[in-house]
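*Asks:* Here you go, input_2.cif (mmCIF, C-alpha atoms):
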```
data_data
loop_
_atom_site.label_atom_id
_atom_site.label_comp_id
_atom_site.auth_asym_id
_atom_site.auth_seq_id
_atom_site.Cartn_x
_atom_site.Cartn_y
_atom_site.Cartn_z
CA MET A 1 -12.15 -5.10 39.65
CA LEU A 2 -15.70 -5.81 40.83
CA SER A 3 -15.21 -7.00 44.39
CA ASP A 4 -12.58 -8.39 46.66
CA ASN A 5 -12.11 -10.66 49.64
CA ASN A 6 -9.17 -12.54 51.02
CA ASN A 7 -9.56 -15.72 48.99
CA ILE A 8 -11.63 -14.82 45.94
CA LYS A 9 -11.20 -11.86 43.64
CA THR A 10 -13.77 -10.91 41.05
CA LEU A 11 -12.37 -9.27 37.94
CA SER A 12 -13.98 -7.99 34.78
CA LEU A 13 -12.37 -8.99 31.48
CA HIS A 14 -13.73 -5.81 29.94
CA ASP A 15 -11.79 -3.70 32.48
CA ILE A 16 -8.53 -5.51 31.73
CA VAL A 17 -8.52 -5.61 27.91
CA GLU A 18 -10.29 -3.67 25.18
CA GLY A 19 -10.52 -6.73 22.94
CA CYS A 20 -9.67 -10.41 22.87
CA ALA A 21 -7.95 -10.69 19.49
CA THR A 22 -4.21 -10.40 20.01
CA ASN A 23 -1.33 -11.91 21.94
CA SER A 24 -0.65 -8.63 23.70
CA GLU A 25 -4.21 -8.51 25.00
CA GLY A 26 -3.85 -12.12 26.13
CA PHE A 27 -0.64 -11.30 27.97
CA ARG A 28 -2.33 -8.41 29.74
CA LEU A 29 -4.95 -10.78 31.08
CA PHE A 30 -2.31 -13.39 31.92
CA ASN A 31 -0.33 -10.87 33.98
CA VAL A 32 -3.38 -9.88 36.02
CA LEU A 33 -4.52 -13.47 36.64
CA ASP A 34 -0.98 -14.65 37.36
CA VAL A 35 -0.62 -12.21 40.27
CA GLU A 36 -3.83 -13.46 41.88
CA ILE A 37 -3.19 -17.17 41.39
CA ALA A 38 0.42 -16.84 42.54
CA ALA A 39 -0.90 -15.19 45.69
CA GLY A 40 -3.16 -18.19 46.31
CA ARG A 41 -6.39 -16.44 45.44
CA LYS A 42 -9.22 -17.81 43.33
CA VAL A 43 -10.42 -15.57 40.52
CA LYS A 44 -13.94 -15.09 39.26
CA LEU A 45 -13.53 -13.58 35.79
CA SER A 46 -16.60 -11.80 34.47
CA PHE A 47 -17.18 -11.90 30.72
CA GLU A 48 -19.89 -9.25 30.74
CA ASN A 49 -19.58 -7.02 27.62
CA SER A 50 -16.55 -8.96 26.43
CA HIS A 51 -15.52 -9.79 22.86
CA PRO A 52 -15.11 -13.21 21.19
CA MET A 53 -11.64 -14.71 21.70
CA SER A 54 -9.00 -15.55 19.10
CA SER A 55 -6.59 -18.46 19.51
CA SER A 56 -3.70 -16.01 20.03
CA PHE A 57 -5.57 -14.36 22.89
CA LEU A 58 -6.37 -17.72 24.47
CA ASN A 59 -2.78 -18.95 24.00
CA SER A 60 -1.28 -15.94 25.72
CA SER A 61 -3.76 -15.85 28.57
CA ILE A 62 -5.37 -19.15 29.60
CA GLY A 63 -2.89 -21.28 27.66
CA ASN A 64 0.04 -19.64 29.43
CA LEU A 65 -1.64 -20.03 32.82
CA ILE A 66 -2.21 -23.73 32.18
CA GLU A 67 1.40 -24.10 31.09
CA LYS A 68 2.62 -22.35 34.25
CA TYR A 69 0.30 -23.88 36.87
CA GLY A 70 -1.11 -27.02 35.24
CA ILE A 71 -4.68 -27.67 34.21
CA ASP A 72 -5.85 -28.90 37.65
CA MET A 73 -4.72 -25.75 39.44
CA ILE A 74 -6.43 -23.55 36.83
CA LYS A 75 -9.62 -25.61 37.02
CA GLU A 76 -9.57 -25.11 40.77
CA ASN A 77 -8.79 -21.40 40.82
CA LEU A 78 -10.28 -19.80 37.73
CA ILE A 79 -14.05 -19.45 37.48
CA PHE A 80 -15.74 -17.80 34.53
CA ILE A 81 -18.89 -15.82 35.31
CA ASN A 82 -21.55 -14.01 33.27
CA ILE A 83 -20.39 -15.73 30.11
CA LEU A 84 -22.32 -16.51 26.93
CA PRO A 85 -22.70 -20.23 26.12
CA SER A 86 -20.87 -19.80 22.80
CA ARG A 87 -17.85 -18.21 24.52
CA ALA A 88 -17.83 -20.89 27.24
CA LEU A 89 -17.83 -23.49 24.46
CA ALA A 90 -14.96 -21.71 22.70
CA ILE A 91 -12.88 -21.89 25.91
CA LYS A 92 -13.81 -25.54 26.42
CA ASP A 93 -12.84 -26.40 22.81
CA TYR A 94 -9.57 -24.52 23.20
CA ILE A 95 -8.67 -26.43 26.38
CA THR A 96 -9.58 -29.74 24.72
CA SER A 97 -7.38 -28.92 21.73
CA LEU A 98 -4.53 -27.78 23.98
CA THR A 99 -4.62 -30.74 26.33
CA SER A 100 -4.86 -33.22 23.46
CA GLN A 101 -1.64 -31.80 22.01
CA HIS A 102 0.35 -31.59 25.22
CA SER A 103 0.24 -33.34 28.54
CA LEU A 104 -0.20 -30.33 30.78
CA MET H 1 9.08 9.53 -13.66
CA LYS H 2 5.39 8.71 -14.05
CA PHE H 3 4.33 5.08 -14.29
CA THR H 4 0.85 4.03 -15.36
CA LEU H 5 -0.48 0.76 -14.08
CA LYS H 6 -3.24 -0.96 -16.00
CA ILE H 7 -5.50 -3.41 -14.17
CA PRO H 8 -5.41 -7.00 -15.49
CA SER H 9 -8.32 -7.95 -17.70
CA SER H 10 -8.33 -11.46 -16.24
CA GLU H 11 -9.94 -12.42 -12.94
CA LYS H 12 -7.61 -15.40 -12.44
CA VAL H 13 -5.26 -15.41 -9.47
CA ILE H 14 -2.39 -16.73 -11.57
CA ASP H 15 -2.69 -13.76 -13.93
CA TRP H 16 -2.79 -11.41 -10.95
CA ALA H 17 0.33 -13.05 -9.50
CA LYS H 18 2.14 -12.49 -12.82
CA TYR H 19 0.85 -8.93 -12.91
CA ILE H 20 2.12 -8.22 -9.38
CA ASN H 21 5.53 -9.72 -10.12
CA SER H 22 6.09 -7.58 -13.20
CA ASN H 23 4.86 -4.35 -11.60
CA ARG H 24 6.42 -4.27 -8.13
CA TYR H 25 8.25 -1.19 -6.93
CA ALA H 26 11.63 -2.89 -7.22
CA ALA H 27 11.14 -3.06 -11.01
CA ASN H 28 10.13 0.61 -11.21
CA SER H 29 12.16 2.24 -8.46
CA SER H 30 12.62 5.47 -10.42
CA CYS H 31 8.86 5.98 -10.29
CA LYS H 32 7.81 9.20 -8.53
CA GLU H 33 4.20 9.11 -9.58
CA LEU H 34 2.07 6.03 -9.95
CA CYS H 35 -1.16 6.35 -11.89
CA ILE H 36 -3.64 3.48 -11.62
CA ASP H 37 -5.64 3.29 -14.83
CA LEU H 38 -9.16 2.27 -13.86
CA ASP H 39 -10.71 2.87 -17.27
CA SER H 40 -10.55 -0.67 -18.57
CA ILE H 41 -11.87 -2.48 -15.50
CA THR H 42 -15.13 -4.36 -15.72
CA PHE H 43 -14.88 -6.21 -12.41
CA LEU H 44 -12.85 -6.18 -9.20
CA ARG H 45 -13.36 -8.79 -6.52
CA PRO H 46 -12.41 -8.08 -2.88
CA TYR H 47 -9.23 -10.17 -3.27
CA HIS H 48 -8.19 -8.18 -6.33
CA ILE H 49 -8.63 -4.99 -4.34
CA VAL H 50 -6.47 -6.12 -1.40
CA ILE H 51 -3.76 -7.47 -3.72
CA LEU H 52 -3.75 -4.21 -5.65
CA SER H 53 -3.70 -2.25 -2.39
CA CYS H 54 -0.55 -4.06 -1.25
CA LEU H 55 1.08 -3.28 -4.59
CA ILE H 56 0.15 0.41 -4.37
CA GLU H 57 1.32 0.49 -0.75
CA GLU H 58 4.82 -0.58 -1.82
CA TYR H 59 5.08 2.53 -4.01
CA PHE H 60 3.41 4.74 -1.42
CA LEU H 61 5.90 3.70 1.28
CA LYS H 62 8.74 4.82 -1.00
CA GLY H 63 7.23 8.30 -1.29
CA THR H 64 5.56 7.80 -4.67
CA ASN H 65 2.50 9.95 -5.37
CA ILE H 66 -0.55 7.84 -6.14
CA SER H 67 -3.25 8.93 -8.57
CA PHE H 68 -6.09 7.28 -10.48
CA LYS H 69 -7.10 7.62 -14.12
CA ILE H 70 -10.89 7.66 -14.25
CA THR H 71 -12.84 8.79 -17.28
CA SER H 72 -16.21 7.38 -16.17
CA PRO H 73 -16.66 8.55 -12.56
CA SER H 74 -20.27 7.41 -12.53
CA SER H 75 -19.48 3.81 -13.44
CA LYS H 76 -20.61 1.20 -10.93
CA ILE H 77 -17.09 0.01 -10.14
CA VAL H 78 -15.66 3.50 -9.66
CA LYS H 79 -18.54 4.34 -7.33
CA TYR H 80 -17.88 1.17 -5.38
CA LEU H 81 -14.17 1.97 -5.08
CA LYS H 82 -15.07 5.44 -3.86
CA ASN H 83 -17.55 4.04 -1.32
CA ILE H 84 -14.99 1.71 0.23
CA LYS H 85 -12.42 4.58 0.33
CA PHE H 86 -10.04 2.86 -2.09
CA LEU H 87 -9.72 6.03 -4.18
CA ASP H 88 -8.88 8.13 -1.10
CA TYR H 89 -6.59 5.69 0.66
CA TRP H 90 -3.23 7.05 -0.52
CA SER H 91 -4.11 10.73 -0.66
CA ALA H 92 -2.13 13.10 1.54
CA THR H 93 -5.11 14.05 3.69
CA PHE H 94 -6.36 10.52 4.35
CA ASP H 95 -5.63 9.04 7.79
CA GLN H 96 -4.82 5.38 7.11
CA LYS H 97 -4.70 4.53 10.80
CA LEU H 98 -8.42 5.10 11.26
CA ILE H 99 -11.24 2.77 10.33
CA HIS H 100 -13.34 4.95 8.05
CA GLN H 101 -17.08 4.72 7.65
CA SER H 102 -18.03 3.08 4.37
CA SER H 103 -20.73 4.78 2.30
CA ILE H 104 -22.56 1.51 1.66
CA THR H 105 -24.15 -0.98 4.04
CA THR H 106 -22.75 -4.11 2.42
CA ALA H 107 -19.02 -3.44 2.85
CA LEU H 108 -16.69 -1.99 5.41
CA SER H 109 -14.18 0.44 3.98
CA LEU H 110 -10.80 -0.88 2.91
CA TRP H 111 -8.39 -1.04 5.86
CA LYS H 112 -4.62 -1.28 6.22
CA VAL H 113 -3.98 -3.68 9.07
CA HIS H 114 -2.60 -1.80 12.07
CA LYS H 115 -1.34 -4.04 14.85
CA GLU H 116 -2.69 -1.78 17.59
CA MET H 117 -6.21 -1.71 16.17
CA VAL H 118 -6.79 -5.34 15.28
CA SER H 119 -9.42 -5.90 18.01
CA PHE H 120 -11.12 -2.67 17.16
CA TYR H 121 -11.48 -3.54 13.46
CA ALA H 122 -12.66 -7.09 14.17
CA LYS H 123 -15.30 -5.77 16.58
CA GLU H 124 -16.29 -3.03 14.17
CA ALA H 125 -16.82 -5.61 11.42
CA GLN H 126 -18.84 -7.88 13.71
CA ASP H 127 -21.02 -4.99 14.88
CA TYR H 128 -21.41 -3.51 11.38
CA TYR H 129 -22.80 -6.66 9.77
CA THR H 130 -24.83 -7.56 12.87
CA ARG H 131 -26.42 -4.12 12.88
CA ASN H 132 -27.09 -4.02 9.14
CA PHE H 133 -28.16 -7.60 8.44
CA PHE H 134 -27.93 -10.12 11.29
CA GLN H 135 -29.39 -8.61 14.42
CA ASN H 136 -30.43 -11.90 15.99
CA TYR H 137 -27.46 -13.97 14.90
CA ASN H 138 -24.05 -14.81 16.27
CA LEU H 139 -21.20 -13.30 14.25
CA ASP H 140 -18.40 -14.28 16.65
CA GLY H 141 -16.90 -16.34 13.80
CA LEU H 142 -16.30 -13.19 11.78
CA TYR H 143 -14.49 -11.51 14.69
CA VAL H 144 -12.36 -14.58 15.34
CA ALA H 145 -11.54 -15.26 11.65
CA LEU H 146 -10.43 -11.65 11.15
CA SER H 147 -8.35 -11.76 14.34
CA GLU H 148 -6.62 -14.97 13.26
CA LEU H 149 -5.82 -13.52 9.82
CA PHE H 150 -4.43 -10.29 11.30
CA ASN H 151 -2.37 -12.20 13.87
CA ASN H 152 -1.04 -14.34 11.04
CA ILE H 153 0.26 -11.20 9.34
CA ASN H 154 1.64 -9.67 12.52
CA ASP H 155 3.22 -12.83 13.93
CA HIS H 156 4.49 -14.68 10.86
CA SER H 157 4.50 -12.76 7.62
CA LEU H 158 7.46 -10.34 7.95
CA SER H 159 5.57 -8.38 5.32
CA THR H 160 7.28 -5.45 3.64
CA VAL H 161 3.94 -3.67 3.52
CA ASP H 162 1.18 -3.79 6.09
CA GLY H 163 -1.57 -6.15 5.06
CA TYR H 164 -4.89 -5.01 3.65
CA VAL H 165 -8.37 -6.28 4.39
CA LEU H 166 -11.73 -5.88 2.75
CA THR H 167 -14.98 -7.46 3.89
CA GLN H 168 -18.08 -7.52 1.73
CA PHE H 169 -21.57 -8.94 2.20
CA TYR H 170 -23.37 -10.21 -0.90
CA PRO H 171 -27.11 -10.16 -0.10
CA GLN H 172 -28.06 -12.31 -3.08
CA SER H 173 -25.83 -15.25 -2.18
CA LYS H 174 -26.05 -14.35 1.54
CA THR H 175 -22.29 -14.68 1.90
CA ILE H 176 -19.70 -12.56 3.66
CA ILE H 177 -16.36 -12.44 1.89
CA ILE H 178 -13.18 -11.62 3.79
CA ALA H 179 -10.10 -10.88 1.67
CA VAL H 180 -6.76 -10.29 3.37
CA CYS H 181 -3.40 -9.90 1.63
CA ASP H 182 0.20 -9.25 2.64
CA PHE H 183 3.50 -9.21 0.79
CA GLY H 184 5.33 -11.20 3.43
CA VAL H 185 7.57 -14.20 3.25
CA GLY H 186 4.69 -16.58 2.44
CA VAL H 187 3.59 -19.77 4.19
CA PRO H 188 5.65 -22.31 2.15
CA ILE H 189 8.90 -20.38 2.54
CA ALA H 190 8.30 -19.72 6.25
CA ILE H 191 7.58 -23.39 6.98
CA ASN H 192 10.49 -24.70 4.93
CA LYS H 193 12.86 -22.21 6.62
CA PHE H 194 11.64 -23.53 9.96
CA PHE H 195 12.29 -27.11 8.78
CA GLU H 196 15.75 -26.17 7.51
CA LYS H 197 16.59 -24.61 10.89
CA ASN H 198 15.43 -27.78 12.60
CA SER H 199 17.24 -30.11 10.18
CA LYS H 200 14.00 -31.52 8.79
CA PRO H 201 13.42 -32.33 5.10
CA GLN H 202 11.83 -29.66 2.90
CA LEU H 203 8.22 -30.12 1.81
CA PRO H 204 6.62 -29.27 -1.54
CA SER H 205 4.90 -25.87 -1.21
CA LYS H 206 1.39 -27.27 -1.55
CA ASP H 207 2.00 -29.70 1.32
CA THR H 208 3.11 -26.87 3.58
CA LEU H 209 -0.30 -25.21 3.18
CA SER H 210 -2.24 -28.26 4.35
CA LEU H 211 0.25 -28.64 7.20
CA ALA H 212 -0.37 -25.03 8.23
CA PHE H 213 -4.08 -25.84 8.59
CA ARG H 214 -3.43 -28.83 10.83
CA ASP H 215 -4.38 -28.44 14.50
CA GLY H 216 -1.24 -27.94 16.58
CA PHE H 217 1.27 -27.26 13.81
CA SER H 218 3.33 -24.13 14.48
CA ILE H 219 6.64 -22.69 13.35
CA PHE H 220 6.77 -20.78 16.65
CA SER H 221 7.42 -17.36 15.07
CA SER H 222 6.34 -16.13 18.49
CA PRO H 223 7.04 -18.26 21.55
CA HIS H 224 3.35 -18.40 22.51
CA ASN H 225 2.17 -19.78 19.14
CA ARG H 226 0.49 -23.16 19.45
CA GLY H 227 -0.63 -23.76 15.87
CA ILE H 228 -4.32 -23.27 16.41
CA GLY H 229 -5.02 -20.09 14.40
CA LEU H 230 -5.45 -21.42 10.86
CA HIS H 231 -7.17 -24.53 12.19
CA THR H 232 -9.63 -22.20 13.94
CA ILE H 233 -10.38 -20.51 10.60
CA SER H 234 -10.88 -23.93 9.06
CA ARG H 235 -13.38 -24.84 11.79
CA ILE H 236 -15.32 -21.58 11.38
CA VAL H 237 -15.55 -22.18 7.62
CA THR H 238 -16.72 -25.75 8.16
CA ALA H 239 -19.39 -24.59 10.62
CA LEU H 240 -20.65 -21.95 8.21
CA ARG H 241 -20.36 -24.24 5.17
CA GLY H 242 -18.12 -21.71 3.49
CA SER H 243 -14.76 -21.85 1.80
CA VAL H 244 -11.17 -20.69 2.18
CA THR H 245 -8.78 -20.02 -0.66
CA LEU H 246 -5.20 -19.49 0.43
CA ILE H 247 -2.66 -18.38 -2.15
CA SER H 248 0.92 -18.24 -0.97
CA ASN H 249 4.18 -18.37 -2.93
CA ASP H 250 3.63 -21.03 -5.59
CA ALA H 251 0.85 -22.94 -3.86
CA VAL H 252 -2.91 -22.76 -3.48
CA LEU H 253 -5.11 -24.36 -0.83
CA VAL H 254 -8.87 -24.54 -1.20
CA GLN H 255 -11.17 -25.67 1.59
CA LYS H 256 -14.83 -26.15 0.72
CA ASN H 257 -16.93 -27.10 3.73
CA SER H 258 -14.46 -29.46 5.41
CA ASP H 259 -12.71 -30.77 2.28
CA ILE H 260 -9.20 -29.44 1.70
CA SER H 261 -7.33 -29.65 -1.60
CA THR H 262 -4.01 -28.14 -2.62
CA SER H 263 -2.28 -27.43 -5.91
CA THR H 264 0.86 -25.86 -7.29
CA MET H 265 0.87 -22.61 -9.30
CA SER H 266 3.23 -22.09 -12.21
CA THR H 267 3.98 -18.59 -10.98
CA PHE H 268 5.02 -17.08 -7.66
CA PHE H 269 2.79 -14.98 -5.44
CA PRO H 270 4.92 -12.67 -3.29
CA GLY H 271 3.19 -13.18 0.04
CA THR H 272 -0.13 -14.54 1.21
CA CYS H 273 -3.69 -13.88 0.19
CA PHE H 274 -6.67 -15.35 2.02
CA VAL H 275 -10.20 -15.31 0.67
CA ILE H 276 -12.80 -16.58 3.11
CA ARG H 277 -16.44 -17.06 2.23
CA LEU H 278 -18.95 -17.46 5.07
CA ASP H 279 -22.46 -18.61 4.25
CA THR H 280 -24.63 -16.55 6.59
CA ARG H 281 -27.59 -18.91 6.17
CA PHE H 282 -25.77 -21.17 8.63
CA LEU H 283 -25.12 -18.57 11.34
CA SER H 284 -26.33 -19.70 14.73
CA VAL H 285 -28.93 -17.67 16.59
CA SER H 286 -27.48 -15.14 19.01
CA ASP H 287 -27.13 -16.37 22.59
CA ASP H 288 -26.89 -12.86 24.07
CA GLU H 289 -29.85 -13.50 26.37
CA GLN H 290 -28.61 -16.84 27.74
CA ILE H 291 -25.80 -15.75 30.02
CA ILE H 292 -24.28 -18.52 32.14
CA GLU H 293 -23.81 -17.20 35.67
CA GLU H 294 -20.91 -19.48 36.50
CA PHE H 295 -18.82 -21.74 34.29
CA ARG H 296 -15.96 -23.95 35.47
CA LEU H 297 -13.46 -25.80 33.33
#
```
Please express the file's structure as structure tokens.

*Replies:*
Amino acid sequence: MLSDNNNIKTLSLHDIVEGCATNSEGFRLFNVLDVEIAAGRKVKLSFENSHPMSSSFLNSSIGNLIEKYGIDMIKENLIFINILPSRALAIKDYITSLTSQHSL
Amino acid sequence: MKFTLKIPSSEKVIDWAKYINSNRYAANSSCKELCIDLDSITFLRPYHIVILSCLIEEYFLKGTNISFKITSPSSKIVKYLKNIKFLDYWSATFDQKLIHQSSITTALSLWKVHKEMVSFYAKEAQDYYTRNFFQNYNLDGLYVALSELFNNINDHSLSTVDGYVLTQFYPQSKTIIIAVCDFGVGVPIAINKFFEKNSKPQLPSKDTLSLAFRDGFSIFSSPHNRGIGLHTISRIVTALRGSVTLISNDAVLVQKNSDISTSTMSTFFPGTCFVIRLDTRFLSVSDDEQIIEEFRL
């Protein structure tokens, strides 16, 4: 955790998971983000020193959050910071693929 | 009982599939010592090595001692096999769980896929090739492709042996080859079992492979699967103008750039073997210095 206030929490992906390859790593991130969003807090997730992300990781983390809260709530409450353009694009492509398959 | 295994003289996958079928542990279950005869080999591609490794692993898991017959230890191939740790992999003192340092700069050592270390291996591979050859380029695609292949084994394959992976860079053609093999249920059988369970008509094996590559198709082996993994590999290969060859059960899929073709094999491959070729001339430049401070969906 980088910093904290009542409404916004800043978390570091690197502190939560060692890598971004597997479902279990994705679930670890999901569990952390779920607690914050369920409590009504926005999350700033720092990607500093993070790894690239596999589809399994994205499914189990961001995909699960979108499934649970809906895309609008996640757009509103999850902010990615210190992220490389290529990783931001990978997340964007994932969301596009996900939302084109399902109405979430 | 000692059993000596000769390496096929053919490079063809179909001949290797036949070779695997006639030499599996089940056909030689009285074997207490397996000797791999390396004397006649003149070539071994990464996919041959991972297929052979899965075969050896079957014997090893049953307590069989593994040895190698080598009369020319200074031959190029034997040296290569030593450098990638193939010759050490099944010795009593070798720790298979670790990712061992290769003795050459163009290949990572052979690795048995361990679920708990998937991220570590993928990152190690990305860093290894970045450090040795591509310092200003983005190798995220290698990390992601390896992760997808490992997750495929762990989530879907039900493999009797852990999968094996070998990555190799060929400086002359500027390509990175990834070869991954398991002796699991295979893609066609897994998909058709899923269809049977869901009262859907069976598909010819070759059609199941193209279906597996389609965005959003999943057999939901794990509840969180969304059918994006193999499609992601396909996209990486398209971006890097490479190729994928997928051999599974009696079917073969080949993707070159973005063109996919499938065919049927006259013999059965007991699992799944992926060979991915990435053309590094099409790697994008690293964006490490262009960090976005804030990104919203």

*Asks:* Please, which residues of chain A lie no more than 6 Å from chain H when the count uses all atoms listed in the file, and can they be set out as a list in words?

*Replies:* Gly19, Ala21, Pro52, Ser54, Ser55, Lys75, Ile79, Phe80, Ile81, Asn82, Ile83 and Leu84 of chain A

*Asks:* Could you tell me how far atom CA of Ile16 of chain A lies from atom CA of Val32 of chain A, in Å and to one decimal?

*Replies:*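 For atom CA of Ile16 of chain A relative to atom CA of Val32 of chain A, the distance reads 8.0 Å.
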
*Asks:* Tell me which residues the PyMOL selection byres ((chain H and resi 8) around 12) grabs here, as a VMD selection string.

*Replies:* chain H and resid 5 to 7 9 to 20 22 to 23 36 to 44 48 to 49 51 to 52

*Asks:* Separation of atom CA of Gln168 of chain H and atom CA of Ala92 of chain H, in Å?

*Replies:*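 According to the coordinates, atom CA of Gln168 of chain H and atom CA of Ala92 of chain H are separated by 26.1 Å.
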
*Asks:* Scan for residues within 10 Å of the point (-12.9, -28.0, 0.6) in the coordinates of the file, using only C-alpha atoms, and reply as a list of chain:residue names.

*Replies:*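 The residues near that point, listed by chain and number, are H:Ser234, H:Val237, H:Thr238, H:Arg241, H:Gly242, H:Ser243, H:Val244, H:Thr245, H:Leu253, H:Val254, H:Gln255, H:Lys256, H:Asn257, H:Ser258, H:Asp259, H:Ile260, H:Ser261, H:Thr262.
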
*Asks:* How would you write, as number ranges by chain, the residues chosen by the PyMOL selection byres ((chain A and resi 61-74) around 6) on this structure?

*Replies:* A: 26-27, 29-30, 58-60, 75-78, 104

*Asks:* List as a list in words the residues having at least one atom at most 12 Å from position (-17.9, 6.1, -3.4) as given in the file, counting all atoms listed in the file.

*Replies:*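 Within the cut-off we find Pro73, Ser74, Ser75, Lys76, Ile77, Val78, Lys79, Tyr80, Leu81, Lys82, Asn83, Ile84, Lys85, Phe86, Leu87, Asp88, Gln101, Ser102, Ser103, Ile104, Ala107, Ser109 and Leu110 of chain H.
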
*Asks:* What gap, in Å, lies between atom CA of Ala251 of chain H and atom CA of Ser263 of chain H?

*Replies:* 5.8 Å

*Asks:* Using the chain letters and numbering of this document, enumerate as a list of chain:residue names the residues selected by the PyMOL selection byres ((chain H and resi 58-62) around 10).

*Replies:*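 For this structure, the PyMOL selection byres ((chain H and resi 58-62) around 10) captures H:Arg24, H:Tyr25, H:Ala26, H:Asn28, H:Ser29, H:Cys31, H:Lys32, H:Glu33, H:Leu34, H:Ser53, H:Cys54, H:Leu55, H:Ile56, H:Glu57, H:Gly63, H:Thr64, H:Asn65, H:Ile66, H:Trp90, H:Ser91, H:Thr160, H:Val161, H:Asp162, H:Phe183.
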
*Asks:* Env of Thr175 of chain H: 10 Å cut, atoms = only C-alpha atoms, seq-sep filter 6 positions within chain, self excluded. Answer as a list of chain:residue names.

*Replies:*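 Listing them by chain and then by number gives H:Gln168, H:Phe169, H:Leu240, H:Gly242, H:Ile276, H:Arg277, H:Leu278, H:Asp279, H:Thr280, H:Arg281, H:Phe282.
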